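J.: I'd like to ask you about the structure that follows.
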Amino acid sequence: MTEEAGTSEPQADSAVSVVGPGEGETIVLGTTRMRVLEDGSHTGHRLAIAESVLAPHTQGPPQHRHSQHDEGFYVLSGTVRFTVGNEEYDATTGTLVMVPPGTPHTFANLSDQPVVMLSTFTPDLYVQYFRDLEKVLAGGRPPTPRDTADAMSRYATEPATDLA
């Protein structure tokens with residue numbers, strides 16, 4: 001092993017991405033706080049990862065379908081109610097929920113305690129949706145169903161209006 005290879009100092013051209021505690025981009029969506037850990041810029045846009053904290057009694061988005069990406073949810077703490085079509089599932093700490101393209105879904109925190117989830121998006125295209133939605137909320141009003149549908153449509157997603 002060469003002296004250079006044995007060093008523990010980061011190399012300037014390193015392809016490794018490290019996001020420490022409290023780091024990453026923060027996106028605030030009402031009572032949900034999202035920390036983007038990987039937006040796809042270090043994975044060739046194949047994968048994005050975000051940590052979300054849902055305040056107690058937080059309703060999630062309207063039920064929707066993604067046509068071009070899988071979405072994964074790993075519950076780090078608390079219990080999340082997932083609605084998938086007409087079925088409901090309570091996912092507790094340590095549960096992984098994988099949603100393939102085309103599957104209608106939403107989630108909510110119905111409890112009195114915060115929920116923490118780790119979400120994956122493969123590929124990464126849906127991270128920009130959250131950024132767009134945050135801009136609408138920064139305007140001082142909640143997004144209308146039309147605002148939400150318009151933002152979703154830019155990222156190969158649509159509300160599951162047949163289940164509303």
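Letters A, B, ... go to the chains of the structure tokens in the order shown; residues in each chain start at 1; ligands are counted from 1 in the same order.
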Neighbours of Asp90 (chain A) within 8 Å (only C-alpha atoms; same-chain residues fewer than 4 positions away dropped), as a list in words?
T.: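 Contacts, with the query itself left out: Thr79, Val80, Arg81 and Phe82 of chain A.
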J.: Can you pull out every residue within 10 Å of region 124-141 of chain A, counting only C-alpha atoms, but drop anything in the same chain fewer than 3 positions away, and send it as number ranges by chain?
T.: A: 25-30, 34, 36, 38-41, 43-50, 66, 68-71, 120-121, 144, 147-148, 150-157
J.: Based on the backbone DSSP call, show me all residues of region 17-63 of chain A assigned strand (DSSP E or B), as a list in words.
T.: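 Output for region 17-63 of chain A, strand (DSSP E or B) only: Glu25, Thr26, Ile27, Val28, Leu29, Thr32, Arg33, Met34, Arg35, Val36, Leu37, Glu38, Ala48, Ile49, Ala50, Glu51, Ser52, Val53, Leu54, Thr58 and Gln59 of chain A.
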J.: Could you check which of A:Gln59, A:Thr95, A:Thr32, A:Ser67 is closest to Leu110 (chain A), using only C-alpha atoms?
T.: A:Gln59
J.: Write out as a PyMOL selection string the residues lying within 12 Å of Thr92 (chain A), counting only C-alpha atoms and excluding same-chain residues fewer than 2 positions away.
T.: chain A and resi 73-82+89-90+94-97+109+111+115-117
J.: To one decimal place in Å, what is the distance between CA of Thr31 (chain A) and CA of Asp112 (chain A)?
T.: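 Atom-to-atom, CA of Thr31 (chain A) to CA of Asp112 (chain A), that is 13.2 Å.
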J.: Which residues come within 7 Å of Gly85 (chain A), counting only C-alpha atoms, excluding same-chain residues fewer than 2 positions away, as an MDAnalysis selection string?
T.: chainID A and resid 83 87 104:105 163
J.: Please, which residues of region 5-148 of chain A, numbered as in this document, come out alpha helix (DSSP H) from DSSP, as a PyMOL selection string?
T.: chain A and resi 127-138+145-148
J.: Write the residues you've just listed into a file as a PDB file, in the first residue's frame, and include N, CA, C and O atoms for each of them.
T.:
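Now in part27.pdb:
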```pdb
ATOM      1  N   VAL A 127     -37.634  14.252  -6.082  1.00  0.00           N
ATOM      2  CA  VAL A 127     -37.119  15.226  -5.103  1.00  0.00           C
ATOM      3  C   VAL A 127     -37.486  16.648  -5.520  1.00  0.00           C
ATOM      4  O   VAL A 127     -37.856  17.472  -4.681  1.00  0.00           O
ATOM      5  N   GLN A 128     -37.418  16.941  -6.796  1.00  0.00           N
ATOM      6  CA  GLN A 128     -37.734  18.291  -7.255  1.00  0.00           C
ATOM      7  C   GLN A 128     -39.194  18.645  -6.987  1.00  0.00           C
ATOM      8  O   GLN A 128     -39.524  19.809  -6.752  1.00  0.00           O
ATOM      9  N   TYR A 129     -40.093  17.668  -6.988  1.00  0.00           N
ATOM     10  CA  TYR A 129     -41.498  17.914  -6.643  1.00  0.00           C
ATOM     11  C   TYR A 129     -41.592  18.551  -5.254  1.00  0.00           C
ATOM     12  O   TYR A 129     -42.325  19.509  -5.050  1.00  0.00           O
ATOM     13  N   PHE A 130     -40.853  18.028  -4.296  1.00  0.00           N
ATOM     14  CA  PHE A 130     -40.899  18.568  -2.937  1.00  0.00           C
ATOM     15  C   PHE A 130     -40.372  19.997  -2.896  1.00  0.00           C
ATOM     16  O   PHE A 130     -40.910  20.836  -2.180  1.00  0.00           O
ATOM     17  N   ARG A 131     -39.348  20.270  -3.665  1.00  0.00           N
ATOM     18  CA  ARG A 131     -38.828  21.639  -3.748  1.00  0.00           C
ATOM     19  C   ARG A 131     -39.887  22.577  -4.338  1.00  0.00           C
ATOM     20  O   ARG A 131     -40.085  23.682  -3.841  1.00  0.00           O
ATOM     21  N   ASP A 132     -40.547  22.125  -5.393  1.00  0.00           N
ATOM     22  CA  ASP A 132     -41.596  22.939  -6.019  1.00  0.00           C
ATOM     23  C   ASP A 132     -42.745  23.191  -5.051  1.00  0.00           C
ATOM     24  O   ASP A 132     -43.256  24.306  -4.957  1.00  0.00           O
ATOM     25  N   LEU A 133     -43.153  22.160  -4.318  1.00  0.00           N
ATOM     26  CA  LEU A 133     -44.258  22.300  -3.373  1.00  0.00           C
ATOM     27  C   LEU A 133     -43.890  23.250  -2.239  1.00  0.00           C
ATOM     28  O   LEU A 133     -44.717  24.056  -1.804  1.00  0.00           O
ATOM     29  N   GLU A 134     -42.641  23.201  -1.800  1.00  0.00           N
ATOM     30  CA  GLU A 134     -42.193  24.122  -0.750  1.00  0.00           C
ATOM     31  C   GLU A 134     -42.313  25.566  -1.224  1.00  0.00           C
ATOM     32  O   GLU A 134     -42.704  26.451  -0.452  1.00  0.00           O
ATOM     33  N   LYS A 135     -42.011  25.832  -2.483  1.00  0.00           N
ATOM     34  CA  LYS A 135     -42.137  27.188  -3.025  1.00  0.00           C
ATOM     35  C   LYS A 135     -43.585  27.660  -2.999  1.00  0.00           C
ATOM     36  O   LYS A 135     -43.860  28.822  -2.690  1.00  0.00           O
ATOM     37  N   VAL A 136     -44.516  26.783  -3.324  1.00  0.00           N
ATOM     38  CA  VAL A 136     -45.946  27.139  -3.271  1.00  0.00           C
ATOM     39  C   VAL A 136     -46.326  27.492  -1.834  1.00  0.00           C
ATOM     40  O   VAL A 136     -46.972  28.514  -1.585  1.00  0.00           O
ATOM     41  N   LEU A 137     -45.899  26.671  -0.887  1.00  0.00           N
ATOM     42  CA  LEU A 137     -46.213  26.923   0.523  1.00  0.00           C
ATOM     43  C   LEU A 137     -45.567  28.207   1.030  1.00  0.00           C
ATOM     44  O   LEU A 137     -46.133  28.892   1.881  1.00  0.00           O
ATOM     45  N   ALA A 138     -44.391  28.540   0.513  1.00  0.00           N
ATOM     46  CA  ALA A 138     -43.708  29.766   0.933  1.00  0.00           C
ATOM     47  C   ALA A 138     -44.484  31.005   0.513  1.00  0.00           C
ATOM     48  O   ALA A 138     -44.289  32.079   1.072  1.00  0.00           O
ATOM     49  N   PRO A 145     -55.710  21.660  -4.789  1.00  0.00           N
ATOM     50  CA  PRO A 145     -55.570  20.388  -5.501  1.00  0.00           C
ATOM     51  C   PRO A 145     -54.969  20.571  -6.899  1.00  0.00           C
ATOM     52  O   PRO A 145     -54.186  19.752  -7.363  1.00  0.00           O
ATOM     53  N   ARG A 146     -55.291  21.692  -7.551  1.00  0.00           N
ATOM     54  CA  ARG A 146     -54.733  21.971  -8.879  1.00  0.00           C
ATOM     55  C   ARG A 146     -53.230  22.212  -8.793  1.00  0.00           C
ATOM     56  O   ARG A 146     -52.461  21.727  -9.628  1.00  0.00           O
ATOM     57  N   ASP A 147     -52.778  22.984  -7.768  1.00  0.00           N
ATOM     58  CA  ASP A 147     -51.336  23.212  -7.569  1.00  0.00           C
ATOM     59  C   ASP A 147     -50.611  21.872  -7.412  1.00  0.00           C
ATOM     60  O   ASP A 147     -49.558  21.651  -8.009  1.00  0.00           O
ATOM     61  N   THR A 148     -51.184  21.013  -6.580  1.00  0.00           N
ATOM     62  CA  THR A 148     -50.562  19.713  -6.309  1.00  0.00           C
ATOM     63  C   THR A 148     -50.509  18.871  -7.574  1.00  0.00           C
ATOM     64  O   THR A 148     -49.472  18.293  -7.906  1.00  0.00           O
TER      65      THR A 148
END
```
